[in-house]
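Contents: one structure, followed by commentary.
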Amino acid sequence: MSEKKVSKPCHHCKSRSAPAPTDTSKIHYEKFWLYRHCSSVQQRDRQAQKAGQLFSGLLAMNVVFLGSAFISSMIFNHVAITRADVWIMLSILKVLCLFWVIYYLLVTSRRPHAVLYRDTHAGGIWIRGSVLLFGSCSILLNVFQIGYSTILIHCKSRVEIVFPSIGILFICTQAYFLWNHSKDCIQVQHNFTRCGLMLTIATNLLLWLLAVTNDTLHMEIESQLRETTLCTCPNTTICEVFQKGYILLYPFNTEYCLVCCSVLYVMWKNVGRRISHNHMPHTKPKFKFQGVVFGPLLGTAAVIIGACVFLMYQIQATSLAPTYQVFVIYYSYYIVLLPLMSVGAVIGTIIHALEKKELDTLKNPTRSLDVVLLMGAALGQIGMSYFSIVALVATHPRELLNSLILSYSVLLIIQNITQNVFIIDGLHRQRVVAEEDTKDEQNREAYSQRRVSVLELGQEIRKASLSYIHTYSHLSWKRRVLREISFFLVLCNIILWVMPTFGAHPVFENGMERSFYGYSTWFVIVNFGLPLGVFYRMHSVGGLLEVYVTA
């Protein structure tokens, strides 16, 4: 009588097994040669998933280190490693990413049961819209670069035309991929998909690093102004158009790389993820304007005043050098606005502490990434502020403009910290479904089932106005204050995003820090901190809208 050999579970399989899905015929469990001896299918799948994440992460780390070594060598020894060498390396990475994205679109995503689940929290409309906006601006940037290099083809290499051409193709393909597939929880070809996503993340990080450290065109413009350049432009007017367009769109390229990295990382975390019905919200929270009055009014006032200050600064910056008075007005606006935002965030955090809402402890990769991005992106503005504080304290802190910049830097640090605490605390609160939400849904269904005449339309408008007043008066004071604060902070962050994004860069143009640290050093600091600051404002808007909806 032959005995059957029973395999014992390994030490990796001793933990509690995950419940199997209901329809196991559609599930593609992951496999990895290190864990083929595990007896539990679910545990073997879990360990294979961790191993796949580890190896794909190691691939990205090695690519980033290699690219960083190339870029650093170009900076410190531009004779041995030229800019063309770096562009060739990045072009190879872009082509590899293009092949993988095309393979994913045509093969992987079309396989049977490839996308059984979609993460409803991932790829919000605001972040996908940002990909399209910044991607379009990056395409225009590459077009300006191609045009500028084509005019100066007699003293430029052909690589300077090929590199942005490949960049346009890469940006278009990646934007289409992220717009349509950012919510995918892919269930087939797990390891290959993870490696492709990590390679694309590494490529975007290297493009961001190159954009931060590459001040070639800016130095060329400085040389042309001093008439010390050997590469003269045959058509000065066209060259000036390309140069101004390039400088105006330059921050969008770095912003595009950062946004793409965040979306791709969420996709990487969602590879092989199986979402249970408990994780799927039964009713998706919707944005409603009801219950807020003072927040929109104060926020609109901040936006209007900020737009006037921004236009005043831009008119002077484009025609002449910005005057002393414009700098004073610009920094005074920030000094008034930032304390208001900080006080609002502190009050909101206190109200969160007084509330009896339970914390949402469910696993949510999108929310975890939101927290990391908020904390990481805030380091850009905080780092620049500390550099400014050191430079100003060491020079002449008692002058009016210097004291304004010093106050602005300190207030900006406080505002970033208080806003981060408010948003992160709000993102971890469970949403309470209010009674008025259910009533609104029922009224909307009943309203859609019948036609409305002209007379009835006036009555409906009157009912809507009364409903708005009723909702505002019956909201608890905690929910009301949270919504007011969230809406006010949303509008403030929008104007603080618009001002540096579309050309207002007094932190570089006032000349205080630039004269202290030197042109090249301060250029790298600004190009590192400014895109992160713009990304922080944009990401804060998304987080604050989430806090507003769940309040």
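Ordering of the structure tokens sets the chain letters (A, B, ...); residue numbers start at 1 within each chain; ligands are numbered from 1 in the order shown.
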Next on the checklist: Please return, as a list of chain:residue names, all residues of region 69-258 of chain A that DSSP assigns to strand (DSSP E) on the basis of the backbone.
Outcome noted: A:Val115, A:Leu116, A:Tyr117, A:Arg118, A:Asp184, A:Cys185, A:Ile186
Put those residues in a file: N, CA and C atoms, as an mmCIF file, in the first residue's frame.
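Final output, saved to out39.cif:
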data_model
loop_
_atom_site.group_PDB
_atom_site.id
_atom_site.type_symbol
_atom_site.label_atom_id
_atom_site.label_comp_id
_atom_site.auth_asym_id
_atom_site.auth_seq_id
_atom_site.Cartn_x
_atom_site.Cartn_y
_atom_site.Cartn_z
ATOM 1 N N VAL A 115 -8.600 42.583 -16.669
ATOM 2 C CA VAL A 115 -8.992 43.675 -15.759
ATOM 3 C C VAL A 115 -10.345 43.305 -15.160
ATOM 4 N N LEU A 116 -10.301 42.513 -14.062
ATOM 5 C CA LEU A 116 -11.539 42.139 -13.380
ATOM 6 C C LEU A 116 -11.989 43.223 -12.415
ATOM 7 N N TYR A 117 -11.042 44.015 -11.908
ATOM 8 C CA TYR A 117 -11.352 45.044 -10.918
ATOM 9 C C TYR A 117 -10.768 46.379 -11.376
ATOM 10 N N ARG A 118 -11.412 47.447 -10.934
ATOM 11 C CA ARG A 118 -10.914 48.795 -11.184
ATOM 12 C C ARG A 118 -10.974 49.582 -9.880
ATOM 13 N N ASP A 184 -6.828 50.543 -13.644
ATOM 14 C CA ASP A 184 -6.739 49.097 -13.849
ATOM 15 C C ASP A 184 -6.080 48.385 -12.672
ATOM 16 N N CYS A 185 -6.675 47.261 -12.297
ATOM 17 C CA CYS A 185 -6.031 46.306 -11.377
ATOM 18 C C CYS A 185 -5.746 45.055 -12.206
ATOM 19 N N ILE A 186 -4.653 45.061 -12.929
ATOM 20 C CA ILE A 186 -4.362 44.027 -13.918
ATOM 21 C C ILE A 186 -4.152 42.684 -13.230
#
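Closest approach to Gln419 (chain A) among A:Val541, A:Ile139, A:Ala394, A:Leu106 is made by A:Val541 (distances from only C-alpha atoms).
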Item to check | Surrounding residues of Ala391 (chain A) excluding itself and chain neighbours under 6 positions, 9 Å, only C-alpha atoms, as a PyMOL selection string | outcome: chain A and resi 512-513+516-517
Keeping N, CA and C atoms for every residue in the selection just given, could you write it to a file as a short mmCIF file (atom, residue, chain, number, x, y, z; two decimals), in the first residue's frame?
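Saved the output as part30.cif:
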data_model
loop_
_atom_site.label_atom_id
_atom_site.label_comp_id
_atom_site.auth_asym_id
_atom_site.auth_seq_id
_atom_site.Cartn_x
_atom_site.Cartn_y
_atom_site.Cartn_z
N MET A 512 17.88 88.51 -4.59
CA MET A 512 18.47 88.43 -3.25
C MET A 512 19.20 87.10 -3.06
N GLU A 513 18.46 85.99 -3.21
CA GLU A 513 19.07 84.68 -3.00
C GLU A 513 20.04 84.33 -4.12
N PHE A 516 23.35 85.69 -3.41
CA PHE A 516 23.97 85.05 -2.25
C PHE A 516 24.54 83.68 -2.60
N TYR A 517 23.74 82.85 -3.30
CA TYR A 517 24.16 81.47 -3.61
C TYR A 517 24.86 81.34 -4.96
#
Item to check | Sel. of alpha helix (DSSP H) residues, region 305-424 of chain A, as a ChimeraX atom specification | outcome: /A:305-319,324-354,365-394,400-424
Next on the checklist: So that I can check the surroundings of Leu496 (chain A), please list as number ranges by chain every protein, DNA and RNA residue that reaches within 9 Å of it, counting only C-alpha atoms and ignoring chain neighbours fewer than 4 positions away.
Outcome noted: A: 303, 306, 491-492, 500-501, 534, 537
